[in-house]
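**Student:** model_18.txt is reproduced in full below (compact mmCIF, C-alpha atoms).
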# COMPACT_ATOMS: atom_id res chain seq x y z
CA PHE A 1 22.15 167.46 95.50
CA THR A 2 19.55 165.05 96.82
CA ASP A 3 21.86 162.08 96.18
CA VAL A 4 25.07 161.66 98.14
CA TYR A 5 27.89 159.91 96.32
CA ILE A 6 30.32 157.91 98.45
CA PRO A 7 33.14 156.30 96.43
CA PRO A 8 34.38 152.79 97.23
CA GLU A 9 37.09 152.60 99.86
CA ASP A 10 39.60 151.27 97.32
CA THR A 11 39.06 154.14 94.86
CA ASP A 12 42.42 155.01 93.32
CA LEU A 13 41.62 158.03 91.14
CA LEU A 14 39.24 160.98 90.96
CA VAL A 15 38.29 162.30 87.52
CA ILE A 16 37.18 165.93 87.18
CA SER A 17 36.04 167.02 83.74
CA ASP A 18 34.72 170.14 82.10
CA ILE A 19 31.65 169.57 79.94
CA ASP A 20 31.43 172.45 77.47
CA ASP A 21 33.71 171.86 74.46
CA THR A 22 35.33 168.98 76.34
CA VAL A 23 32.61 166.33 76.44
CA MET A 24 29.92 168.11 74.44
CA TYR A 25 30.40 170.52 71.58
CA THR A 26 29.16 173.93 72.74
CA GLY A 27 31.16 176.53 70.83
CA VAL A 28 31.92 178.69 73.86
CA ALA A 29 34.12 180.97 71.75
CA ASN A 30 30.99 182.15 69.88
CA LYS A 31 28.78 183.47 72.67
CA LEU A 32 25.54 183.80 70.72
CA ARG A 33 25.78 180.25 69.40
CA MET A 34 26.80 179.04 72.85
CA LEU A 35 23.68 180.58 74.42
CA TYR A 36 21.50 178.98 71.76
CA ARG A 37 23.05 175.56 72.36
CA LEU A 38 22.87 175.89 76.14
CA PHE A 39 19.28 177.10 76.40
CA VAL A 40 17.48 175.85 73.29
CA LYS A 41 18.93 172.64 71.88
CA PRO A 42 17.45 169.43 73.31
CA ALA A 43 19.73 166.58 74.39
CA HIS A 44 19.22 164.49 71.25
CA GLN A 45 20.44 167.35 69.02
CA ARG A 46 23.68 167.88 70.93
CA THR A 47 26.98 166.40 69.85
CA ALA A 48 29.46 164.46 71.95
CA PHE A 49 33.06 164.48 70.76
CA PRO A 50 34.13 161.19 69.12
CA GLY A 51 35.45 158.64 71.57
CA VAL A 52 34.32 160.51 74.68
CA ALA A 53 31.90 157.84 75.89
CA ALA A 54 34.42 155.00 75.65
CA PHE A 55 37.21 157.09 77.19
CA TYR A 56 35.15 158.10 80.21
CA GLN A 57 33.87 154.54 80.61
CA ALA A 58 37.49 153.33 80.55
CA LEU A 59 38.47 155.90 83.18
CA TYR A 60 35.47 154.92 85.29
CA VAL A 61 36.39 151.22 85.50
CA GLY A 62 40.17 151.75 85.48
CA GLU A 63 42.96 149.38 84.51
CA SER A 64 41.42 146.57 86.58
CA GLU A 65 38.04 147.12 84.88
CA ALA A 66 36.48 146.65 88.31
CA ALA A 67 36.91 150.15 89.73
CA ARG A 68 34.03 152.55 90.20
CA ARG A 69 35.90 155.83 90.17
CA PRO A 70 34.13 159.09 90.99
CA ILE A 71 33.73 161.32 87.93
CA LEU A 72 32.72 164.91 88.61
CA TYR A 73 31.62 167.25 85.83
CA VAL A 74 31.71 171.03 85.82
CA SER A 75 29.73 173.23 83.43
CA ARG A 76 29.60 176.91 82.53
CA GLY A 77 25.89 176.54 81.95
CA PRO A 78 22.98 177.47 84.26
CA TRP A 79 21.20 175.07 86.60
CA SER A 80 18.21 175.05 84.27
CA ILE A 81 20.03 172.73 81.84
CA TYR A 82 20.78 170.05 84.46
CA GLU A 83 18.12 167.61 83.27
CA MET A 84 19.16 168.10 79.65
CA LEU A 85 22.79 167.31 80.51
CA GLU A 86 21.80 164.22 82.46
CA GLU A 87 19.72 163.03 79.50
CA PHE A 88 22.58 163.81 77.10
CA PHE A 89 25.00 161.71 79.18
CA GLN A 90 22.60 158.79 79.30
CA MET A 91 21.84 158.94 75.56
CA ASN A 92 25.54 158.90 74.74
CA ALA A 93 26.48 156.19 77.28
CA ILE A 94 28.77 158.57 79.17
CA PRO A 95 29.15 157.70 82.87
CA VAL A 96 26.85 160.02 84.79
CA GLY A 97 28.42 161.62 87.86
CA PRO A 98 27.59 164.73 89.86
CA ILE A 99 27.26 167.77 87.59
CA LEU A 100 28.53 170.90 89.32
CA PHE A 101 27.67 174.32 87.92
CA LEU A 102 30.22 177.09 88.21
CA ARG A 103 27.93 180.01 88.96
CA GLU A 104 24.55 181.60 88.96
CA TRP A 105 24.27 183.32 85.61
CA GLY A 106 22.42 186.43 86.77
CA ILE A 107 21.69 187.45 83.15
CA SER A 108 19.83 190.70 82.56
CA TRP A 109 19.43 193.18 79.74
CA ARG A 110 22.10 195.33 81.37
CA ARG A 111 24.40 192.36 81.76
CA PRO A 112 23.60 189.87 78.97
CA TRP A 113 26.67 187.68 79.60
CA PRO A 114 27.31 185.54 82.67
CA ARG A 115 30.03 186.46 85.11
CA ARG A 116 33.56 185.12 84.71
CA ALA A 117 33.90 181.51 85.78
CA GLU A 118 37.64 180.95 86.19
CA GLU A 119 37.76 181.68 89.92
CA HIS A 120 34.57 179.74 90.50
CA LYS A 121 36.02 176.73 88.70
CA TYR A 122 39.22 176.95 90.71
CA ALA A 123 37.31 177.20 93.98
CA LEU A 124 34.97 174.35 93.10
CA ILE A 125 37.74 171.96 92.03
CA THR A 126 39.91 172.73 95.03
CA ARG A 127 36.93 172.08 97.31
CA MET A 128 36.52 168.70 95.65
CA LEU A 129 40.21 167.92 96.13
CA ASP A 130 39.92 168.87 99.80
CA LEU A 131 36.79 166.76 100.15
CA PHE A 132 38.46 163.69 98.64
CA GLU A 133 41.57 164.34 100.74
CA ASP A 134 44.63 162.51 99.37
CA LEU A 135 42.95 160.85 96.37
CA PRO A 136 44.95 161.46 93.16
CA CYS A 137 43.06 163.03 90.29
CA VAL A 138 42.98 163.65 86.56
CA LEU A 139 41.70 166.96 85.17
CA ILE A 140 40.11 167.17 81.71
CA GLY A 141 39.26 170.39 79.87
CA ASP A 142 39.64 172.25 76.59
CA SER A 143 41.91 174.84 75.05
CA GLY A 144 39.23 177.40 74.26
CA GLN A 145 38.82 179.14 77.60
CA HIS A 146 40.83 179.09 80.83
CA ASP A 147 41.06 175.41 81.70
CA PRO A 148 44.83 175.11 81.10
CA GLU A 149 45.55 178.11 83.34
CA VAL A 150 43.19 176.99 86.11
CA TYR A 151 44.45 173.41 86.03
CA THR A 152 48.12 174.43 86.03
CA ARG A 153 47.49 176.58 89.10
CA ILE A 154 45.89 173.62 90.84
CA VAL A 155 48.82 171.32 89.94
CA LYS A 156 51.19 173.80 91.58
CA GLU A 157 49.09 174.28 94.69
CA TYR A 158 48.36 170.57 95.24
CA PRO A 159 51.76 168.90 94.74
CA GLY A 160 51.48 165.25 93.81
CA ARG A 161 47.68 165.19 93.66
CA VAL A 162 47.09 165.80 89.94
CA LYS A 163 48.46 162.94 87.86
CA ALA A 164 47.52 164.23 84.40
CA VAL A 165 45.89 167.21 82.71
CA TYR A 166 44.16 166.50 79.39
CA ILE A 167 43.30 169.53 77.27
CA ARG A 168 41.20 169.01 74.15
CA ARG A 169 42.43 171.20 71.30
CA ILE A 170 39.35 172.90 69.87
CA ASP A 171 41.14 175.24 67.49
CA SER A 172 44.62 175.72 66.04
CA GLN A 173 45.51 179.24 67.10
CA ALA A 174 49.30 179.47 67.28
CA ASP A 175 49.34 182.03 70.11
CA ARG A 176 47.06 179.88 72.25
CA GLU A 177 49.10 176.76 71.65
CA ARG A 178 52.30 178.59 72.60
CA ALA A 179 50.65 179.75 75.81
CA ILE A 180 49.58 176.21 76.65
CA GLU A 181 53.07 174.91 75.90
CA GLY A 182 54.40 177.48 78.36
CA LEU A 183 52.02 176.13 80.99
CA ARG A 184 53.13 172.58 80.24
CA GLN A 185 56.73 173.58 80.82
CA GLN A 186 55.84 175.22 84.14
CA ILE A 187 54.83 171.83 85.56
CA ALA A 188 57.24 169.66 83.57
CA HIS A 189 59.27 168.99 86.74
CA THR A 190 56.26 167.48 88.52
CA ASP A 191 54.67 164.04 88.28
CA CYS A 192 51.86 165.60 86.23
CA GLU A 193 51.98 165.99 82.47
CA LEU A 194 49.78 168.47 80.63
CA ARG A 195 48.72 166.98 77.30
CA LEU A 196 47.25 169.13 74.54
CA ALA A 197 45.30 166.45 72.69
CA ALA A 198 43.78 166.57 69.24
CA ASP A 199 41.13 163.98 70.12
CA SER A 200 39.93 161.46 72.68
CA MET A 201 42.26 158.81 71.30
CA ALA A 202 45.34 160.90 72.10
CA MET A 203 44.12 161.27 75.68
CA ALA A 204 43.38 157.55 75.93
CA GLU A 205 46.82 156.54 74.68
CA HIS A 206 48.48 158.62 77.37
CA ALA A 207 46.04 157.31 79.99
CA ARG A 208 46.89 153.75 78.98
CA ASN A 209 50.61 154.45 79.24
CA ARG A 210 50.08 155.83 82.74
CA GLY A 211 47.97 152.86 83.81
CA PHE A 212 44.77 154.85 84.20
CA ILE A 213 42.81 152.65 81.77
CA SER A 214 43.05 149.08 80.48
CA GLU A 215 44.18 147.88 77.06
CA SER A 216 40.62 146.84 76.22
CA GLY A 217 39.50 150.30 77.30
CA LEU A 218 41.98 151.85 74.88
CA GLN A 219 40.72 149.66 72.05
CA ALA A 220 37.14 150.64 72.89
CA VAL A 221 38.09 154.31 72.53
CA ARG A 222 39.66 153.52 69.15
CA ARG A 223 36.47 151.79 67.97
CA ASP A 224 34.23 154.48 69.41
CA SER A 225 36.25 157.24 67.77
CA ARG A 226 36.12 155.48 64.42
CA ASP A 227 32.38 154.79 64.65
CA ASP A 228 31.57 158.37 65.72
CA SER A 229 33.58 159.76 62.81
CA ASP A 230 31.77 157.69 60.19
Let me see the file written as structure tokens.
**Tutor:**
Amino acid sequence: FTDVYIPPEDTDLLVISDIDDTVMYTGVANKLRMLYRLFVKPAHQRTAFPGVAAFYQALYVGESEAARRPILYVSRGPWSIYEMLEEFFQMNAIPVGPILFLREWGISWRRPWPRRAEEHKYALITRMLDLFEDLPCVLIGDSGQHDPEVYTRIVKEYPGRVKAVYIRRIDSQADRERAIEGLRQQIAHTDCELRLAADSMAMAEHARNRGFISESGLQAVRRDSRDDSD
């Protein structure tokens, strides 16, 4: 990156969020549609999940509403969509932080799909945790791919660092939900709770209970969710 982000000395929380099907609807489960949305759709035609902007704004300013927390975003997409993502964030009033891409796609006719990203995501997030040393963090992802597995592994390997894992439910497959419940139980003895959330409001309510966001931030998510759904 040409810009170097240095968080304030009193920063109390690091937020690391997936983008695809977490912030922005991508449809990763359908690869052809995903490729169309990643490469073709302009920013103004892309859809943010209801309440996302207010929730991330609330996380950014914290319970005191004076914090300036670092928010890092990770994407499965290629570097070529960076400017589109930045424009999408600005159009939707989502706090813009560093956008980190998981891999070089290396697409060819012999290999039309990008390489697997799970290990890249794990390596990238753990590098960020090492970079920010002892700063606690919140991880946000979705149920459609491997976020719950990757995040649970990180919770185990960085005891006490991850304070919450928010997983957006993007479908209602019983087998997948059972698997995620199993992951939740694996870390139930820790200070970190894995929440499978139906929407941004469910995440925000938990974040408010844990003191990650303010009451006015929670109400803003409620209003934002309602307005986006109309």
**Student:** For a quick check of understanding, using only C-alpha atoms, which of A:Arg210, A:Lys156, A:Arg161, A:Arg168 has the smallest distance to A:Ile140?
**Tutor:**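 Among the listed residues, A:Arg168 lies closest to A:Ile140.
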**Student:** Rounded to one decimal in Å, what is the spacing between atom CA of A:Phe212 and atom CA of A:Leu13?
**Tutor:**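 Between atom CA of A:Phe212 and atom CA of A:Leu13 the gap is 8.3 Å.
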**Student:** Tell me which protein, DNA and RNA residues are within 10 Å of stretch 89-102 of chain A, counting only C-alpha atoms, leaving out same-chain ones fewer than 5 positions away, and put them as a VMD selection string.
**Tutor:** chain A and resid 1 3 to 5 15 to 19 23 to 24 43 to 44 46 to 48 52 to 60 69 to 79 81 to 84 115 to 125
**Student:** Would you pick out the contacts of A:Asp12 at 10 Å or less, using only C-alpha atoms, so that residues sharing its chain but fewer than 3 positions from it are not included, and give the list as a list of chain:residue names?
**Tutor:**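 Near A:Asp12, the qualifying residues are A:Pro7, A:Pro8, A:Glu9, A:Gly62, A:Ala67, A:Arg68, A:Arg69, A:Pro70, A:Asp134, A:Leu135, A:Pro136, A:Cys137, A:Phe212.
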**Student:** Check the smallest atom-to-atom distance from each of A:Glu177, A:Asp130, A:Asp171, A:Asp147 to A:Asp20 using only C-alpha atoms, then report the winner.
**Tutor:**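 Checking each of A:Glu177, A:Asp130, A:Asp171, A:Asp147 against A:Asp20, counting only C-alpha atoms, the winner is A:Asp147.
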**Student:** Rounded to one decimal place, report the atom CA of A:Arg153-atom CA of A:Asn209 distance in Å.
**Tutor:** 24.4 Å
**Student:** Excluding stretch 178-180 of chain A and its own-chain neighbours fewer than 5 positions away, which residues fall within 8 Å of it when counting only C-alpha atoms? Please give them as a list in words.
**Tutor:** Ser143, Pro148 and Leu196 of chain A
**Student:** From the options A:Glu63, A:Gly211, A:Tyr25, A:Asp199, which residue's atoms come nearest to A:Phe88, counting all atoms listed in the file?
**Tutor:**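 Among A:Glu63, A:Gly211, A:Tyr25, A:Asp199, it is A:Tyr25 that comes nearest to A:Phe88.
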**Student:** Suppose you want the space between atom CA of A:Ile167 and atom CA of A:Ala197; what is it in Å?
**Tutor:**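 Distance reported for this atom pair: 5.9 Å.
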**Student:** Which of these residues is nearest to A:Ile213, using all atoms listed in the file: A:Ser64, A:Gln145, A:Gln185, A:Ser200?
**Tutor:** A:Ser64
**Student:** Give the centre and edge lengths of an axis-aligned box, in Å to one decimal, that holds all listed atoms of stretch 78-93 of chain A with 8 Å on each side, as JSON.
**Tutor:**
{"center_x": 22.3, "center_y": 166.8, "center_z": 80.7, "size_x": 24.4, "size_y": 37.3, "size_z": 27.9}
**Student:** I want to know what sits within 9 Å of A:Pro50, based on all atoms listed in the file, with residues of the same chain fewer than 6 positions away left out; could you give that as a list in words?
**Tutor:**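 Skipping anything fewer than 6 positions along the chain leaves Asp199, Ser200, Met201, Val221, Asp224, Ser225, Arg226, Asp227, Asp228 and Ser229 of chain A.
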**Student:** Kindly indicate which residue among A:Gly182, A:Pro159, A:Gly217, A:Gly51 lies nearest to A:Leu129, using all atoms listed in the file for the distances.
**Tutor:**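 Ranking A:Gly182, A:Pro159, A:Gly217, A:Gly51 by distance to A:Leu129, first place goes to A:Pro159.
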